[in-house]
>>> print(open('my_file_8.pdb').read())   # PDB, C-alpha atoms
ATOM      1  CA  MET A 143     -77.551  12.546  32.592
ATOM      2  CA  GLU A 144     -74.899   9.818  32.620
ATOM      3  CA  VAL A 145     -72.492   9.251  29.741
ATOM      4  CA  GLY A 146     -74.039   6.842  27.268
ATOM      5  CA  GLU A 147     -77.564   7.629  28.476
ATOM      6  CA  SER A 148     -79.957   8.742  25.760
ATOM      7  CA  ALA A 149     -82.370  11.640  25.963
ATOM      8  CA  VAL A 150     -85.701  12.259  24.314
ATOM      9  CA  ILE A 151     -85.357  15.007  21.718
ATOM     10  CA  SER A 152     -87.235  18.127  22.779
ATOM     11  CA  PHE A 153     -89.409  20.051  20.359
ATOM     12  CA  GLU A 154     -89.981  22.967  22.781
ATOM     13  CA  THR A 155     -88.172  25.408  20.483
ATOM     14  CA  PHE A 156     -89.803  24.115  17.287
ATOM     15  CA  VAL A 157     -91.728  26.889  15.523
ATOM     16  CA  MET A 158     -93.800  26.160  12.436
ATOM     17  CA  GLU A 159     -93.363  28.554   9.542
ATOM     18  CA  ASP A 160     -95.676  29.248   6.635
ATOM     19  CA  GLY A 161     -94.541  28.323   3.161
ATOM     20  CA  MET A 162     -92.724  25.075   3.943
ATOM     21  CA  ALA A 163     -94.227  21.617   4.388
ATOM     22  CA  ILE A 164     -94.336  20.662   8.084
ATOM     23  CA  TYR A 165     -92.608  17.308   7.540
ATOM     24  CA  LEU A 166     -89.687  19.192   5.948
ATOM     25  CA  GLN A 167     -89.607  21.596   8.900
ATOM     26  CA  ILE A 168     -89.394  18.644  11.308
ATOM     27  CA  LEU A 169     -86.586  17.183   9.195
ATOM     28  CA  GLN A 170     -84.700  20.484   9.152
ATOM     29  CA  TYR A 171     -85.211  21.010  12.912
ATOM     30  CA  ILE A 172     -83.644  17.631  13.640
ATOM     31  CA  LYS A 173     -80.783  18.177  11.201
ATOM     32  CA  ARG A 174     -79.996  21.588  12.679
ATOM     33  CA  GLY A 175     -80.011  19.999  16.140
ATOM     34  CA  ILE A 176     -77.522  17.406  14.914
ATOM     35  CA  ILE A 177     -75.188  20.122  13.638
ATOM     36  CA  ALA A 178     -75.596  22.191  16.809
ATOM     37  CA  GLY A 179     -74.768  19.143  18.930
ATOM     38  CA  THR A 180     -78.077  19.282  20.819
ATOM     39  CA  ILE A 181     -79.134  16.009  19.173
ATOM     40  CA  VAL A 182     -76.612  13.201  19.488
ATOM     41  CA  ASP A 183     -76.231   9.531  18.654
ATOM     42  CA  GLY A 184     -78.676   7.403  20.627
ATOM     43  CA  ASP A 185     -81.146  10.196  21.424
ATOM     44  CA  GLU A 186     -84.757   9.077  21.176
ATOM     45  CA  LEU A 187     -87.406  10.779  19.089
ATOM     46  CA  PRO A 188     -90.831  11.257  20.645
ATOM     47  CA  SER A 189     -93.347   8.694  19.402
ATOM     48  CA  ARG A 190     -95.083   9.661  16.185
ATOM     49  CA  ARG A 191     -98.403   9.973  18.014
ATOM     50  CA  MET A 192     -96.905  12.077  20.809
ATOM     51  CA  LEU A 193     -95.138  14.469  18.418
ATOM     52  CA  SER A 194     -98.225  14.889  16.217
ATOM     53  CA  ALA A 195    -100.266  15.782  19.328
ATOM     54  CA  LEU A 196     -97.562  18.162  20.594
ATOM     55  CA  LEU A 197     -97.320  19.988  17.259
ATOM     56  CA  GLY A 198    -101.036  19.741  16.462
ATOM     57  CA  VAL A 199    -100.422  18.075  13.105
ATOM     58  CA  ASN A 200    -101.659  14.957  11.359
ATOM     59  CA  PRO A 201     -99.780  11.809  12.489
ATOM     60  CA  ASN A 202     -99.068  11.044   8.813
ATOM     61  CA  THR A 203     -97.027  14.269   8.647
ATOM     62  CA  VAL A 204     -94.766  13.101  11.474
ATOM     63  CA  HIS A 205     -94.619   9.605   9.987
ATOM     64  CA  LYS A 206     -93.403  11.059   6.679
ATOM     65  CA  ALA A 207     -90.639  13.047   8.434
ATOM     66  CA  TYR A 208     -89.512   9.987  10.415
ATOM     67  CA  ARG A 209     -89.563   7.831   7.266
ATOM     68  CA  MET A 210     -87.322  10.352   5.494
ATOM     69  CA  LEU A 211     -84.931  10.354   8.470
ATOM     70  CA  GLU A 212     -84.829   6.549   8.234
ATOM     71  CA  GLU A 213     -84.159   6.669   4.488
ATOM     72  CA  GLU A 214     -81.255   9.050   5.100
ATOM     73  CA  GLY A 215     -79.878   6.674   7.730
ATOM     74  CA  LEU A 216     -80.217   9.191  10.576
ATOM     75  CA  ILE A 217     -82.619   7.151  12.706
ATOM     76  CA  ALA A 218     -83.375   3.509  13.368
ATOM     77  CA  SER A 219     -86.995   2.557  13.988
ATOM     78  CA  HIS A 220     -88.439  -0.752  15.018
ATOM     79  CA  SER A 221     -92.167  -1.448  15.283
ATOM     80  CA  GLY A 222     -93.261  -1.167  18.887
ATOM     81  CA  ALA A 223     -89.932   0.386  19.883
ATOM     82  CA  LYS A 224     -88.594   3.899  20.043
ATOM     83  CA  SER A 225     -86.940   5.611  17.095
ATOM     84  CA  CYS A 226     -83.340   6.509  17.950
ATOM     85  CA  MET A 227     -80.726   8.668  16.296
ATOM     86  CA  VAL A 228     -77.942   6.740  14.545
ATOM     87  CA  LEU A 229     -75.160   9.254  14.029
ATOM     88  CA  THR A 230     -71.559   8.792  13.024
ATOM     89  CA  ALA A 231     -68.965  11.483  12.393
ATOM     90  CA  GLU A 232     -69.469  10.859   8.666
ATOM     91  CA  THR A 233     -73.267  11.276   8.752
ATOM     92  CA  ILE A 234     -72.946  14.425  10.857
ATOM     93  CA  GLU A 235     -70.515  15.902   8.335
ATOM     94  CA  THR A 236     -72.837  14.955   5.457
ATOM     95  CA  VAL A 237     -75.779  16.706   7.155
ATOM     96  CA  ARG A 238     -73.607  19.743   7.881
ATOM     97  CA  ALA A 239     -72.466  20.018   4.258
ATOM     98  CA  GLU A 240     -76.045  19.614   3.001
ATOM     99  CA  LEU A 241     -77.401  22.373   5.259
ATOM    100  CA  LEU A 242     -74.507  24.743   4.567
ATOM    101  CA  GLU A 243     -74.848  24.316   0.822
ATOM    102  CA  GLY A 244     -78.603  24.919   0.946
ATOM    103  CA  ASP A 245     -78.215  28.021   3.087
ATOM    104  CA  ALA A 246     -75.383  29.366   0.917
ATOM    105  CA  VAL A 247     -77.427  28.920  -2.267
ATOM    106  CA  ASN A 248     -80.377  30.756  -0.678
ATOM    107  CA  ILE A 249     -78.195  33.653   0.474
ATOM    108  CA  VAL A 250     -76.408  34.003  -2.868
ATOM    109  CA  THR A 251     -79.720  33.869  -4.749
ATOM    110  CA  ALA A 252     -81.208  36.573  -2.516
ATOM    111  CA  MET A 253     -78.139  38.803  -2.951
ATOM    112  CA  LYS A 254     -78.255  38.396  -6.736
ATOM    113  CA  GLN A 255     -81.961  39.200  -6.788
ATOM    114  CA  MET A 256     -81.205  42.393  -4.850
ATOM    115  CA  GLY A 257     -78.661  43.400  -7.481
ATOM    116  CA  LEU A 258     -75.514  43.013  -5.394
ATOM    117  CA  SER A 259     -72.273  42.393  -7.235
ATOM    118  CA  LYS A 260     -69.977  39.597  -6.061
ATOM    119  CA  ALA A 261     -67.642  42.206  -4.555
ATOM    120  CA  GLU A 262     -70.527  43.843  -2.665
ATOM    121  CA  ALA A 263     -71.743  40.469  -1.416
ATOM    122  CA  LEU A 264     -68.271  39.525  -0.151
ATOM    123  CA  GLN A 265     -67.919  42.909   1.512
ATOM    124  CA  LEU A 266     -71.266  42.390   3.258
ATOM    125  CA  LEU A 267     -70.223  38.913   4.428
ATOM    126  CA  GLU A 268     -66.937  40.253   5.785
ATOM    127  CA  ARG A 269     -68.753  42.996   7.707
ATOM    128  CA  TYR A 270     -71.054  40.530   9.448
ATOM    129  CA  TRP A 271     -68.480  37.759   9.856
ATOM    130  CA  ASP A 272     -66.815  39.668  12.674
TER     131      ASP A 272
END
>>> encode(input="my_file_8.pdb", output="structure tokens")
Amino acid sequence: MEVGESAVISFETFVMEDGMAIYLQILQYIKRGIIAGTIVDGDELPSRRMLSALLGVNPNTVHKAYRMLEEEGLIASHSGAKSCMVLTAETIETVRAELLEGDAVNIVTAMKQMGLSKAEALQLLERYWD
């Protein structure tokens, strides 16, 4: 692919999980792709109809995910045209901070529920950091 050429975002590695709304899973998949660098500015999202068929979900589910991405300023959509990623260094950093904070809260909550002290939790993190 040439520099400046956009790609269609692949959902080949998308795996639906129980317990979380599908539109939120789509949102999280795209945000994690942004942070990983596999989704970049200008990349095109599959059409709503195509993605709903690919995932086997209601088109309204995909529409809701795309609408949320628009509201967060991560994509630009125009009727009759493709939806494309609109990413700046600032938006990427905002998404990164949001995901890291959410993951950190989940990990800390789980450790507290398991009865780990702060010292034990830090020791565990240090062990797996390396």
>>> resolve_selection(input="my_file_8.pdb", expression="the PyMOL selection byres ((chain A and resi 149) around 8)", output="list of chain:residue names")
A:Glu147, A:Ser148, A:Val150, A:Ile151, A:Gly184, A:Asp185, A:Glu186
>>> atom_distance(input="my_file_8.pdb", atom1="CA of Val157 in chain A", atom2="CA of Gln255 in chain A")
27.3 Å
>>> closest_residue(input="my_file_8.pdb", among="A:Leu169, A:Val228, A:Glu243, A:Ile176", to="Ala207 in chain A", atoms="only C-alpha atoms")
A:Leu169
>>> residues_near_point(input="my_file_8.pdb", point="(-85.2, 20.0, 15.8)", cutoff="10 Å", atoms="only C-alpha atoms", output="tab-separated table (two decimals) with C-alpha atoms, in the coordinates of the input")
chain	number	residue	atom	x	y	z
A	151	ILE	CA	-85.36	15.01	21.72
A	152	SER	CA	-87.24	18.13	22.78
A	153	PHE	CA	-89.41	20.05	20.36
A	154	GLU	CA	-89.98	22.97	22.78
A	155	THR	CA	-88.17	25.41	20.48
A	156	PHE	CA	-89.80	24.12	17.29
A	157	VAL	CA	-91.73	26.89	15.52
A	167	GLN	CA	-89.61	21.60	8.90
A	168	ILE	CA	-89.39	18.64	11.31
A	169	LEU	CA	-86.59	17.18	9.20
A	170	GLN	CA	-84.70	20.48	9.15
A	171	TYR	CA	-85.21	21.01	12.91
A	172	ILE	CA	-83.64	17.63	13.64
A	173	LYS	CA	-80.78	18.18	11.20
A	174	ARG	CA	-80.00	21.59	12.68
A	175	GLY	CA	-80.01	20.00	16.14
A	176	ILE	CA	-77.52	17.41	14.91
A	178	ALA	CA	-75.60	22.19	16.81
A	180	THR	CA	-78.08	19.28	20.82
A	181	ILE	CA	-79.13	16.01	19.17
>>> residues_around(input="my_file_8.pdb", residues="Glu262 in chain A", least_positions_apart="6", cutoff="12 Å", atoms="all atoms listed in the file", output="list in words")
Val250, Met253, Lys254, Met256, Glu268 and Arg269 of chain A
>>> residues_around(input="my_file_8.pdb", residues="Thr230 in chain A", least_positions_apart="5", cutoff="10 Å", atoms="all atoms listed in the file", output="ChimeraX atom specification")
/A:182-183,216,235-236
>>> write_last_selection(input="my_file_8.pdb", atoms="C-alpha atoms", output="PDB file, in the frame of the given file")
ATOM      1  CA  VAL A 182     -76.612  13.201  19.488  1.00  0.00           C
ATOM      2  CA  ASP A 183     -76.231   9.531  18.654  1.00  0.00           C
ATOM      3  CA  LEU A 216     -80.217   9.191  10.576  1.00  0.00           C
ATOM      4  CA  GLU A 235     -70.515  15.902   8.335  1.00  0.00           C
ATOM      5  CA  THR A 236     -72.837  14.955   5.457  1.00  0.00           C
TER       6      THR A 236
END
>>> closest_residue(input="my_file_8.pdb", among="A:His220, A:Ile177, A:Ile164, A:Glu212", to="Leu197 in chain A", atoms="all atoms listed in the file")
A:Ile164
>>> resolve_selection(input="my_file_8.pdb", expression="the PyMOL selection byres ((chain A and resi 215) around 12)", output="MDAnalysis selection string")
chainID A and resid 183 208:214 216:219 225:230 232:234 236:237
>>> write_last_selection(input="my_file_8.pdb", atoms="C-alpha atoms", output="mmCIF file, keeping the file's coordinate frame")
data_model
loop_
_atom_site.group_PDB
_atom_site.id
_atom_site.type_symbol
_atom_site.label_atom_id
_atom_site.label_comp_id
_atom_site.auth_asym_id
_atom_site.auth_seq_id
_atom_site.Cartn_x
_atom_site.Cartn_y
_atom_site.Cartn_z
ATOM 1 C CA ASP A 183 -76.231 9.531 18.654
ATOM 2 C CA TYR A 208 -89.512 9.987 10.415
ATOM 3 C CA ARG A 209 -89.563 7.831 7.266
ATOM 4 C CA MET A 210 -87.322 10.352 5.494
ATOM 5 C CA LEU A 211 -84.931 10.354 8.470
ATOM 6 C CA GLU A 212 -84.829 6.549 8.234
ATOM 7 C CA GLU A 213 -84.159 6.669 4.488
ATOM 8 C CA GLU A 214 -81.255 9.050 5.100
ATOM 9 C CA LEU A 216 -80.217 9.191 10.576
ATOM 10 C CA ILE A 217 -82.619 7.151 12.706
ATOM 11 C CA ALA A 218 -83.375 3.509 13.368
ATOM 12 C CA SER A 219 -86.995 2.557 13.988
ATOM 13 C CA SER A 225 -86.940 5.611 17.095
ATOM 14 C CA CYS A 226 -83.340 6.509 17.950
ATOM 15 C CA MET A 227 -80.726 8.668 16.296
ATOM 16 C CA VAL A 228 -77.942 6.740 14.545
ATOM 17 C CA LEU A 229 -75.160 9.254 14.029
ATOM 18 C CA THR A 230 -71.559 8.792 13.024
ATOM 19 C CA GLU A 232 -69.469 10.859 8.666
ATOM 20 C CA THR A 233 -73.267 11.276 8.752
ATOM 21 C CA ILE A 234 -72.946 14.425 10.857
ATOM 22 C CA THR A 236 -72.837 14.955 5.457
ATOM 23 C CA VAL A 237 -75.779 16.706 7.155
#
>>> atom_distance(input="my_file_8.pdb", atom1="CA of Arg190 in chain A", atom2="CA of Val204 in chain A")
5.8 Å
>>> atom_distance(input="my_file_8.pdb", atom1="CA of Thr203 in chain A", atom2="CA of Val247 in chain A")
26.8 Å
